[in-house]
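Have a look at run.txt below; it lists compact mmCIF, C-alpha atoms.
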```
# COMPACT_ATOMS: atom_id res chain seq x y z
CA MET W 18 93.29 60.01 176.02
CA SER W 19 95.45 61.31 173.19
CA ALA W 20 95.18 60.73 169.52
CA ALA W 21 96.79 57.62 168.26
CA PRO W 22 99.79 58.16 166.06
CA GLY W 23 99.04 57.92 162.45
CA SER W 24 99.42 59.38 159.07
CA GLY W 25 98.77 62.93 158.07
CA THR W 26 95.19 62.08 157.33
CA ALA W 27 94.50 61.67 160.97
CA GLY W 28 95.84 65.07 161.79
CA PRO W 29 98.16 66.08 164.64
CA ALA W 30 97.65 64.54 168.02
CA ALA W 31 95.21 66.27 170.31
CA ALA W 32 96.10 67.08 173.88
CA ALA W 33 95.06 64.50 176.46
CA VAL W 34 91.47 65.02 177.58
CA ASP W 35 89.98 63.62 180.76
CA PRO W 36 86.43 62.44 179.91
CA ALA W 37 85.31 63.95 183.21
CA GLU W 38 86.32 67.35 181.87
CA LEU W 39 84.25 66.91 178.71
CA PRO W 40 81.12 68.82 179.92
CA ARG W 41 83.22 71.86 180.79
CA LEU W 42 85.08 71.64 177.49
CA ARG W 43 81.78 71.41 175.60
CA ARG W 44 80.49 74.57 177.30
CA ARG W 45 83.72 76.46 176.64
CA THR W 46 83.79 75.42 172.97
CA SER W 47 80.15 76.37 172.55
CA TRP W 48 80.66 79.85 174.00
CA VAL W 49 83.71 80.49 171.82
CA LEU W 50 81.78 79.45 168.71
CA ILE W 51 78.78 81.55 169.73
CA ALA W 52 81.03 84.60 170.12
CA SER W 53 82.62 83.94 166.73
CA GLN W 54 79.18 83.62 165.13
CA VAL W 55 78.01 86.91 166.60
CA LEU W 56 81.11 88.67 165.26
CA GLY W 57 81.26 86.85 161.93
CA GLY W 58 77.50 87.20 161.57
CA VAL W 59 77.91 90.99 161.77
CA GLY W 60 80.77 91.07 159.26
CA VAL W 61 78.94 89.50 156.31
CA PRO W 62 75.59 91.36 156.33
CA ILE W 63 77.15 94.72 157.22
CA SER W 64 78.56 94.89 153.71
CA ILE W 65 76.74 92.37 151.53
CA ALA W 66 73.65 94.57 151.34
CA LEU W 67 75.66 97.27 149.56
CA ALA W 68 77.59 94.89 147.30
CA PRO W 69 75.13 95.27 144.36
CA VAL W 70 75.28 99.06 144.67
CA LEU W 71 79.08 98.99 144.72
CA ALA W 72 79.14 96.68 141.69
CA THR W 73 76.90 99.13 139.82
CA GLU W 74 79.17 102.05 140.70
CA VAL W 75 82.40 100.29 139.77
CA GLY W 76 81.02 98.47 136.70
CA GLY W 77 79.03 101.43 135.44
CA SER W 78 75.86 99.46 134.75
CA GLU W 79 72.94 98.11 136.79
CA ALA W 80 73.15 94.95 134.69
CA LEU W 81 76.32 94.09 136.64
CA SER W 82 74.77 94.58 140.10
CA GLY W 83 74.00 90.90 140.68
CA PHE W 84 77.52 89.73 139.90
CA ALA W 85 78.89 90.84 143.29
CA SER W 86 76.64 88.55 145.32
CA THR W 87 77.12 85.74 142.80
CA ALA W 88 80.92 86.06 143.09
CA SER W 89 80.62 85.81 146.87
CA VAL W 90 78.54 82.62 146.65
CA ILE W 91 80.99 81.13 144.13
CA GLY W 92 83.85 81.99 146.47
CA THR W 93 82.09 80.26 149.37
CA ALA W 94 81.70 77.13 147.27
CA ALA W 95 85.26 77.30 145.91
CA VAL W 96 86.94 77.29 149.34
CA SER W 97 84.70 74.58 150.78
CA LEU W 98 86.79 71.56 149.81
CA PRO W 99 90.32 73.00 150.28
CA LEU W 100 89.46 74.31 153.73
CA ALA W 101 87.63 71.10 154.61
CA ALA W 102 90.80 69.22 153.62
CA LEU W 103 92.83 71.48 155.90
CA MET W 104 90.43 70.82 158.78
CA THR W 105 90.55 67.08 158.12
CA ALA W 106 94.33 67.18 158.38
CA ARG W 107 94.91 69.84 161.02
CA GLY W 108 91.63 70.47 162.89
CA ARG W 109 88.83 73.03 162.95
CA ARG W 110 90.82 75.96 164.29
CA PRO W 111 93.31 76.44 161.41
CA GLY W 112 90.55 76.01 158.82
CA LEU W 113 88.21 78.54 160.42
CA VAL W 114 91.01 81.04 161.08
CA LEU W 115 92.26 80.80 157.49
CA ALA W 116 88.71 81.24 156.17
CA TYR W 117 88.30 84.50 158.09
CA ALA W 118 91.77 85.62 156.97
CA ILE W 119 90.80 85.04 153.33
CA GLY W 120 87.56 86.93 153.96
CA ALA W 121 89.50 89.86 155.43
CA ALA W 122 91.84 89.87 152.43
CA GLY W 123 88.79 89.85 150.17
CA SER W 124 87.39 92.87 152.00
CA ALA W 125 90.65 94.72 151.39
CA LEU W 126 90.56 93.84 147.69
CA VAL W 127 86.97 95.10 147.43
CA VAL W 128 87.98 98.43 148.97
CA LEU W 129 90.96 98.69 146.63
CA ALA W 130 88.75 97.86 143.65
CA ALA W 131 86.34 100.62 144.68
CA VAL W 132 89.18 103.15 144.90
CA VAL W 133 90.78 102.27 141.54
CA ARG W 134 87.42 101.44 139.85
CA SER W 135 88.39 97.93 138.76
CA PHE W 136 85.46 95.58 138.22
CA PRO W 137 87.57 92.38 137.79
CA LEU W 138 89.38 93.18 141.06
CA LEU W 139 86.00 93.71 142.72
CA MET W 140 84.85 90.26 141.59
CA LEU W 141 88.06 88.69 142.91
CA GLY W 142 87.62 90.47 146.21
CA MET W 143 83.97 89.38 146.53
CA ALA W 144 84.95 85.77 145.79
CA ALA W 145 87.54 85.86 148.60
CA PHE W 146 85.01 87.63 150.83
CA GLY W 147 82.81 84.53 150.48
CA ALA W 148 85.30 82.52 152.55
CA ALA W 149 83.92 84.22 155.67
CA SER W 150 80.48 82.82 154.88
CA PHE W 151 82.06 79.37 154.70
CA ALA W 152 83.46 79.88 158.21
CA ASN W 153 80.07 81.00 159.49
CA PHE W 154 78.43 77.85 158.13
CA GLN W 155 81.19 75.49 159.26
CA ALA W 156 81.00 76.69 162.86
CA ARG W 157 77.83 74.63 163.28
CA PHE W 158 79.79 71.46 162.58
CA ALA W 159 82.52 72.48 165.05
CA ALA W 160 79.78 72.70 167.68
CA ALA W 161 78.76 69.13 166.89
CA ASP W 162 82.27 67.69 167.26
CA LEU W 163 82.19 67.32 171.05
CA ALA W 164 78.43 67.19 171.59
CA ALA W 165 76.84 64.01 172.91
CA PRO W 166 74.97 62.24 170.09
CA ASP W 167 71.57 62.85 171.68
CA HIS W 168 72.35 66.58 172.05
CA ARG W 169 74.13 67.11 168.74
CA ALA W 170 71.26 68.88 166.96
CA ARG W 171 70.82 71.25 169.90
CA ALA W 172 74.53 72.09 169.87
CA ILE W 173 74.31 72.90 166.16
CA SER W 174 71.13 74.92 166.59
CA VAL W 175 72.56 77.15 169.32
CA VAL W 176 75.44 78.19 167.06
CA VAL W 177 73.00 78.82 164.19
CA TRP W 178 70.87 80.87 166.59
CA ALA W 179 73.90 83.01 167.49
CA SER W 180 73.86 84.30 163.90
CA THR W 181 70.58 86.10 164.67
CA LEU W 182 72.29 89.07 166.31
CA GLY W 183 74.65 89.55 163.40
CA ALA W 184 71.90 89.13 160.82
CA VAL W 185 69.82 91.82 162.54
CA LEU W 186 72.61 94.17 163.62
CA GLY W 187 74.81 93.96 160.52
CA PRO W 188 72.56 95.72 157.97
CA ASN W 189 71.83 98.49 160.49
CA LEU W 190 75.56 99.21 160.74
CA SER W 191 75.90 99.73 157.00
CA ALA W 192 74.93 103.40 157.16
CA PRO W 193 77.40 104.47 159.89
CA ALA W 194 80.09 102.34 158.24
CA SER W 195 79.48 104.18 154.97
CA ARG W 196 79.66 107.60 156.65
CA SER W 197 82.80 106.75 158.60
CA PHE W 198 85.08 107.37 155.60
CA ALA W 199 83.51 110.60 154.39
CA GLY W 200 86.17 112.96 153.02
CA THR W 201 88.60 110.14 152.18
CA SER W 202 89.40 108.41 148.92
CA ILE W 203 87.31 105.41 150.00
CA PRO W 204 83.81 105.56 148.46
CA ALA W 205 80.92 105.45 150.93
CA THR W 206 79.68 102.13 149.51
CA ALA W 207 83.07 100.55 150.26
CA GLY W 208 83.21 101.73 153.87
CA PRO W 209 81.28 98.72 155.23
CA PHE W 210 83.87 96.39 153.71
CA VAL W 211 86.58 98.07 155.81
CA TRP W 212 84.52 97.38 158.91
CA ALA W 213 83.83 93.82 157.75
CA GLY W 214 87.53 93.15 157.22
CA ALA W 215 88.31 94.36 160.74
CA VAL W 216 85.53 92.15 162.15
CA PHE W 217 86.90 89.11 160.29
CA VAL W 218 90.41 89.73 161.66
CA LEU W 219 89.01 90.01 165.19
CA THR W 220 86.97 86.82 164.74
CA GLY W 221 89.98 84.91 163.44
CA LEU W 222 92.08 86.05 166.40
CA LEU W 223 89.33 85.00 168.81
CA LEU W 224 89.25 81.50 167.36
CA ALA W 225 93.04 81.20 167.13
CA VAL W 226 93.47 82.06 170.81
CA LEU W 227 90.40 80.52 172.46
CA LEU W 228 89.32 77.52 170.38
CA ARG W 229 91.70 75.24 172.26
CA PRO W 230 91.87 72.30 172.41
CA ASP W 231 90.68 71.84 168.87
CA PRO W 232 87.19 70.27 168.99
CA LEU W 233 87.61 68.02 165.94
CA LEU W 234 90.99 66.62 167.03
CA THR W 235 89.71 66.17 170.57
CA ALA W 236 86.65 64.29 169.32
CA ARG W 237 88.89 61.97 167.33
CA ALA W 238 91.09 61.38 170.34
CA LEU W 239 88.10 60.52 172.50
CA ALA W 240 86.75 58.20 169.79
CA GLY W 241 89.93 56.13 169.84
CA PRO W 242 91.03 54.20 166.72
CA ASP W 243 87.60 54.66 165.10
CA GLY W 244 88.14 58.40 165.12
CA HIS W 245 91.02 58.11 162.67
CA GLY W 246 89.73 55.56 160.21
CA HIS W 247 88.31 56.47 156.83
CA ALA W 248 89.85 59.94 156.91
CA GLY W 249 90.41 61.68 153.62
CA HIS W 250 91.05 65.14 152.26
CA SER W 251 89.56 64.99 148.79
CA LEU W 252 86.21 65.38 147.12
CA ARG W 253 86.39 61.68 146.30
CA ALA W 254 86.81 60.81 149.98
CA GLY W 255 83.76 62.84 150.93
CA ILE W 256 81.67 61.30 148.16
CA ALA W 257 82.78 57.80 149.15
CA ALA W 258 81.72 58.35 152.77
CA VAL W 259 78.31 59.67 151.69
CA ARG W 260 77.78 56.82 149.23
CA ALA W 261 78.45 54.33 152.02
CA SER W 262 75.60 55.68 154.18
CA ALA W 263 71.93 56.01 153.18
CA ARG W 264 71.35 58.39 156.09
CA ALA W 265 74.22 60.60 154.95
CA ARG W 266 72.67 60.81 151.49
CA VAL W 267 69.36 61.90 152.98
CA ALA W 268 71.15 64.51 155.08
CA LEU W 269 73.08 65.90 152.11
CA VAL W 270 69.91 66.17 150.03
CA ALA W 271 68.00 67.78 152.91
CA VAL W 272 70.58 70.50 153.49
CA ALA W 273 71.06 71.25 149.78
CA VAL W 274 67.35 71.26 148.87
CA SER W 275 66.29 73.29 151.92
CA HIS W 276 68.92 75.94 151.18
CA THR W 277 68.21 76.02 147.44
CA ALA W 278 64.43 76.33 147.87
CA MET W 279 64.89 79.08 150.44
CA VAL W 280 67.35 81.12 148.38
CA SER W 281 65.40 80.74 145.13
CA ILE W 282 62.18 82.09 146.67
CA MET W 283 63.76 84.67 148.96
CA VAL W 284 65.82 86.52 146.34
CA MET W 285 62.78 87.15 144.14
CA THR W 286 60.32 88.06 146.91
CA PRO W 287 61.33 91.75 147.07
CA VAL W 288 60.76 91.99 143.31
CA ASP W 289 57.30 90.42 143.61
CA LEU W 290 56.40 92.65 146.56
CA GLY W 291 57.45 95.67 144.53
CA HIS W 292 55.22 94.55 141.66
CA HIS W 293 52.31 94.60 144.12
CA GLY W 294 52.96 98.09 145.45
CA ALA W 295 55.09 97.36 148.53
CA GLY W 296 57.57 100.06 149.52
CA LEU W 297 61.11 99.58 150.78
CA HIS W 298 60.02 99.76 154.43
CA LEU W 299 57.48 96.96 154.01
CA ILE W 300 59.91 94.86 152.00
CA GLY W 301 62.46 95.29 154.80
CA LEU W 302 59.92 94.13 157.39
CA VAL W 303 59.06 91.03 155.36
CA ILE W 304 62.73 90.11 154.95
CA SER W 305 63.36 90.77 158.67
CA GLY W 306 60.56 88.32 159.51
CA HIS W 307 62.14 85.82 157.16
CA ILE W 308 65.52 86.19 158.90
CA ALA W 309 63.83 85.73 162.27
CA GLY W 310 62.34 82.48 161.00
CA MET W 311 65.77 81.32 159.80
CA PHE W 312 67.74 81.90 162.98
CA ALA W 313 65.65 82.81 166.03
CA PHE W 314 63.84 79.46 166.31
CA SER W 315 66.76 77.17 165.48
CA PRO W 316 67.09 75.97 169.13
CA VAL W 317 63.51 74.72 168.88
CA MET W 318 64.42 72.79 165.75
CA GLY W 319 67.49 71.37 167.47
CA TRP W 320 65.42 70.22 170.44
CA LEU W 321 62.86 68.60 168.13
CA ALA W 322 65.58 66.86 166.10
CA ASP W 323 67.09 65.38 169.28
CA ARG W 324 63.72 64.37 170.74
CA LEU W 325 61.76 63.23 167.67
CA GLY W 326 64.65 62.18 165.42
CA ARG W 327 66.50 63.81 162.52
CA LEU W 328 64.34 62.25 159.81
CA SER W 329 61.11 63.45 161.44
CA VAL W 330 62.35 67.05 161.47
CA ILE W 331 63.54 66.75 157.87
CA GLY W 332 59.95 65.77 157.05
CA LEU W 333 58.77 68.81 159.03
CA ALA W 334 61.17 70.98 157.01
CA ALA W 335 59.69 69.69 153.75
CA GLY W 336 56.18 70.44 154.99
CA LEU W 337 57.04 73.96 156.19
CA LEU W 338 58.88 74.83 152.97
CA ALA W 339 56.01 73.51 150.84
CA LEU W 340 53.47 75.53 152.83
CA ALA W 341 55.69 78.59 152.54
CA ALA W 342 55.85 78.19 148.76
CA LEU W 343 52.07 77.82 148.60
CA LEU W 344 51.43 80.94 150.67
CA ALA W 345 54.06 83.10 149.00
CA GLY W 346 53.25 81.93 145.49
CA THR W 347 49.53 82.68 145.82
CA ALA W 348 49.78 85.85 147.93
CA GLY W 349 49.47 88.35 145.09
CA PRO W 350 48.69 91.78 146.63
CA SER W 351 48.22 90.30 150.14
CA HIS W 352 51.40 91.48 151.83
CA GLY W 353 50.43 89.80 155.12
CA GLN W 354 50.25 86.42 153.37
CA SER W 355 53.63 87.09 151.74
CA ALA W 356 55.12 87.90 155.14
CA LEU W 357 53.74 84.70 156.66
CA GLY W 358 55.04 82.68 153.71
CA LEU W 359 58.54 84.16 154.07
CA PHE W 360 58.55 83.55 157.82
CA LEU W 361 57.64 79.89 157.27
CA LEU W 362 60.29 79.72 154.53
CA GLY W 363 62.92 80.71 157.09
CA LEU W 364 61.50 78.28 159.64
CA GLY W 365 61.60 75.41 157.13
CA TRP W 366 65.18 76.28 156.20
CA SER W 367 66.14 76.19 159.89
CA ALA W 368 64.53 72.77 160.35
CA GLY W 369 66.26 71.36 157.26
CA LEU W 370 69.69 72.83 158.04
CA VAL W 371 69.80 71.85 161.71
CA SER W 372 68.37 68.32 161.36
CA GLY W 373 70.27 67.63 158.12
CA SER W 374 73.58 68.82 159.60
CA ALA W 375 73.08 66.68 162.71
CA LEU W 376 72.14 63.62 160.65
CA LEU W 377 75.16 64.11 158.39
CA THR W 378 77.47 64.25 161.40
CA ASP W 379 75.81 61.16 162.91
CA SER W 380 76.08 59.12 159.74
CA VAL W 381 79.78 59.15 158.84
CA PRO W 382 82.92 58.06 160.75
CA ALA W 383 84.65 60.75 162.80
CA GLY W 384 87.70 60.66 160.54
CA ALA W 385 85.62 61.48 157.46
CA ARG W 386 83.37 64.14 158.96
CA ALA W 387 85.30 67.25 157.96
CA ALA W 388 85.58 66.10 154.33
CA VAL W 389 81.88 65.19 154.18
CA GLN W 390 80.88 68.47 155.84
CA GLY W 391 82.95 70.38 153.30
CA LEU W 392 81.23 68.44 150.53
CA SER W 393 77.88 69.34 152.09
CA ASP W 394 78.62 73.07 152.07
CA LEU W 395 80.02 72.86 148.54
CA THR W 396 76.85 71.14 147.36
CA MET W 397 74.58 73.48 149.30
CA ASN W 398 76.19 76.67 148.02
CA THR W 399 76.56 75.45 144.44
CA CYS W 400 72.90 74.43 144.26
CA ALA W 401 71.83 77.73 145.84
CA ALA W 402 73.93 79.71 143.36
CA VAL W 403 72.29 77.88 140.45
CA GLY W 404 68.86 78.28 142.04
CA GLY W 405 69.36 81.96 142.70
CA ALA W 406 70.50 82.60 139.14
CA ALA W 407 67.70 80.51 137.63
CA SER W 408 65.05 82.17 139.79
CA GLY W 409 65.42 85.42 137.89
CA LEU W 410 64.85 83.66 134.58
CA VAL W 411 61.81 81.80 135.91
CA MET W 412 60.44 85.02 137.39
CA SER W 413 60.78 86.93 134.13
CA GLU W 414 59.41 84.15 131.92
CA ALA W 415 56.72 82.49 134.06
CA GLY W 416 56.18 84.60 137.17
CA TYR W 417 56.60 84.37 140.92
CA GLY W 418 53.86 81.75 141.34
CA TRP W 419 55.60 79.28 139.06
CA LEU W 420 58.91 79.97 140.81
CA ASN W 421 57.35 78.87 144.10
CA ALA W 422 55.77 75.83 142.43
CA ILE W 423 59.15 74.71 141.08
CA ALA W 424 60.79 75.24 144.49
CA ALA W 425 58.04 73.12 146.08
CA ALA W 426 58.63 70.38 143.50
CA LEU W 427 62.30 70.23 144.58
CA LEU W 428 61.09 69.11 148.01
CA LEU W 429 59.55 65.88 146.72
CA PRO W 430 62.78 63.84 146.48
CA MET W 431 63.87 65.15 149.88
CA ALA W 432 60.61 64.06 151.53
CA ALA W 433 60.58 60.72 149.68
CA LEU W 434 64.16 59.89 150.70
CA ALA W 435 63.47 60.76 154.35
CA LEU W 436 60.30 58.65 154.40
CA LEU W 437 61.96 55.67 152.69
CA THR W 438 64.95 55.78 155.05
CA ALA W 439 62.70 56.05 158.11
CA ARG W 440 60.72 53.00 156.97
CA ARG W 441 63.89 51.01 156.40
CA GLN W 442 65.13 51.92 159.88
CA ALA W 443 61.84 50.89 161.43
CA ALA W 444 61.91 47.56 159.55
CA ALA W 445 65.50 46.92 160.63
CA ARG W 446 64.56 47.40 164.30
CA LYS W 447 61.83 44.75 164.12
```

I'd like the structure from this file rewritten - as structure tokens, please.
Amino acid sequence: MSAAPGSGTAGPAAAAVDPAELPRLRRRTSWVLIASQVLGGVGVPISIALAPVLATEVGGSEALSGFASTASVIGTAAVSLPLAALMTARGRRPGLVLAYAIGAAGSALVVLAAVVRSFPLLMLGMAAFGAASFANFQARFAAADLAAPDHRARAISVVVWASTLGAVLGPNLSAPASRSFAGTSIPATAGPFVWAGAVFVLTGLLLAVLLRPDPLLTARALAGPDGHGHAGHSLRAGIAAVRASARARVALVAVAVSHTAMVSIMVMTPVDLGHHGAGLHLIGLVISGHIAGMFAFSPVMGWLADRLGRLSVIGLAAGLLALAALLAGTAGPSHGQSALGLFLLGLGWSAGLVSGSALLTDSVPAGARAAVQGLSDLTMNTCAAVGGAASGLVMSEAGYGWLNAIAAALLLPMAALALLTARRQAAARK
């Protein structure tokens, strides 16, 4: 079945797909996305760990160290809607490939900024670098395009899980990447960005060659006329689709709140651990446990979301994140309690992201999905950027305990919306 002719909002026609071939196509698409996540997942953390150090060197002050990561988050948010519009019009493949191309260009600008010692150029490069993070996040939605509705959360979770290798391997490659340019004009702290740029180019080429047929266009073709209705490229189109669905609103809130609570607590945990005598090795172990909670158990969360329902797992996410805030916020000098709190923080994030992303995809028409998913990532990253910036102020003025209490309070509207929507669904079925 091929896509019905239509306007540019529907995108180009997809190649004819025999429904009998759909299981094979799903497996192929999943493996391509997993490979892209492993590569892309290496590219971001290999360099992002040294971004604050590079900002300090180029800017000449430790007070500027946090601006590099902030610029990257802003860049991720800034490209969300334009690239979502491109995917709405032309499919997943061109949007993901362009995102990695922008990330590679950003890596090159960062290296150039390090060589010429230009802080504004460094900020521009870090903002463009953030486009690669957008591609990493959007791959989960590409996995959902062709998945059967009752396996959609599992499809998303497997792609999220594939990020585990990159998240673990990437930071460990920072040292050899730094040493690889010894004796050249490229500073050691910029070396990882050269490697990251090469990884992004390789990832983009992988997707350009192998992500065929395009999963979004194919899903629209298989959906028939319903797959092309309600399409739109703009922020307004995404907002309109979310406003029309109570379940989509719950999903958007779940993804944004889960991500914001996680980022706000996580970025200040190393500071709190340091205040209680933890060394760099112990801090690294705690953060590694947190990353394991984020990615390693995502297939479990996908299975639960498909079996128990999206709203049930969103409720589980709220509970896990609240417990994590309680444990971390009251840990004090107990490093074991801090580690457990951070692990549960990652687990709660995984539950919220996987179930919320699946629910969002379920709740809007196929033609509007790319725009809504772009809106979701824009909202998620904008809220996290605000939360991350505000967490430092809360930490300095009120302390780590109050920071966790505020993060826990953010979960209340998320839990209330999920509960209210679940009750309305149950009443409607009676």

For atom CA of Ser315 of chain W and atom CA of Gly183 of chain W, the interatomic separation in Å (one decimal): 14.8 Å

Selection: 6 Å around segment 333-347 of chain W, all atoms listed in the file, excl. self and same-chain fewer than 2 positions, as a count of residues only: 14

Return as AutoDock Vina command-line options the box centre and box size in Å, one decimal, for an axis-aligned box around all listed atoms of segment 399-409 of chain W padded by 3 Å per side.
```
--center_x 70.8 --center_y 79.9 --center_z 141.7 --size_x 17.5 --size_y 17.0 --size_z 14.2
```

Contact residues around Ala156 of chain W with only C-alpha atoms at 10 Å, ignoring same-chain residues under 4 positions, as an NGL selection string: :W and (47 or 50-51 or 53-54 or 109-110 or 113 or 151-152 or 160-161 or 173 or 176-177)

Point-to-point distance from atom CA of Val128 of chain W to atom CA of Val211 of chain W, Å rounded to tenths: 7.0 Å

Atom-to-atom span, atom CA of Pro166 of chain W and atom CA of Ser374 of chain W, Å: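 Computing the Euclidean distance for atom CA of Pro166 of chain W and atom CA of Ser374 of chain W yields 12.5 Å.
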
Proximity to His293 of chain W - best of W:Val127, W:Ala385, W:Ala254, W:Tyr417, only C-alpha atoms: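 For His293 of chain W, the nearest of the given residues is W:Tyr417.
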
From W:Arg386, W:Arg157, W:His292, W:His307, residue lying nearest Ser351 of chain W [only C-alpha atoms]: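 Residue with the minimum atom-to-atom distance to Ser351 of chain W: W:His292.
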
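The shell of residues at most 12 Å from Gly76 of chain W, with only C-alpha atoms counted and near chain neighbours (fewer than 2 positions) removed, consists of W:Ala68, W:Pro69, W:Val70, W:Leu71, W:Ala72, W:Thr73, W:Glu74, W:Ser78, W:Glu79, W:Ala80, W:Leu81, W:Ser82, W:Gly83, W:Phe84, W:Ala85, W:Ala130, W:Ala131, W:Val133, W:Arg134, W:Ser135, W:Phe136, W:Pro137, W:Leu138, W:Leu139, W:Met140.
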
Mind running segment 344-374 of chain W against segment 295-304 of chain W at 8 Å and telling me each contacting residue's nearest atom pair with the distance in Å (one decimal), counting only C-alpha atoms, chain and number ascending, as a Markdown table?
```
| residue | atom | partner | partner_atom | distance |
| --- | --- | --- | --- | --- |
| W:His352 | CA | W:Ala295 | CA | 7.7 |
| W:Ser355 | CA | W:Val303 | CA | 7.6 |
| W:Ala356 | CA | W:Val303 | CA | 5.0 |
| W:Leu359 | CA | W:Val303 | CA | 7.0 |
| W:Phe360 | CA | W:Val303 | CA | 7.9 |
```

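If you measure from each of W:Leu429, W:Leu434, W:Leu325, W:Val389 to Ser97 of chain W using all atoms listed in the file, the closest one turns out to be W:Val389.
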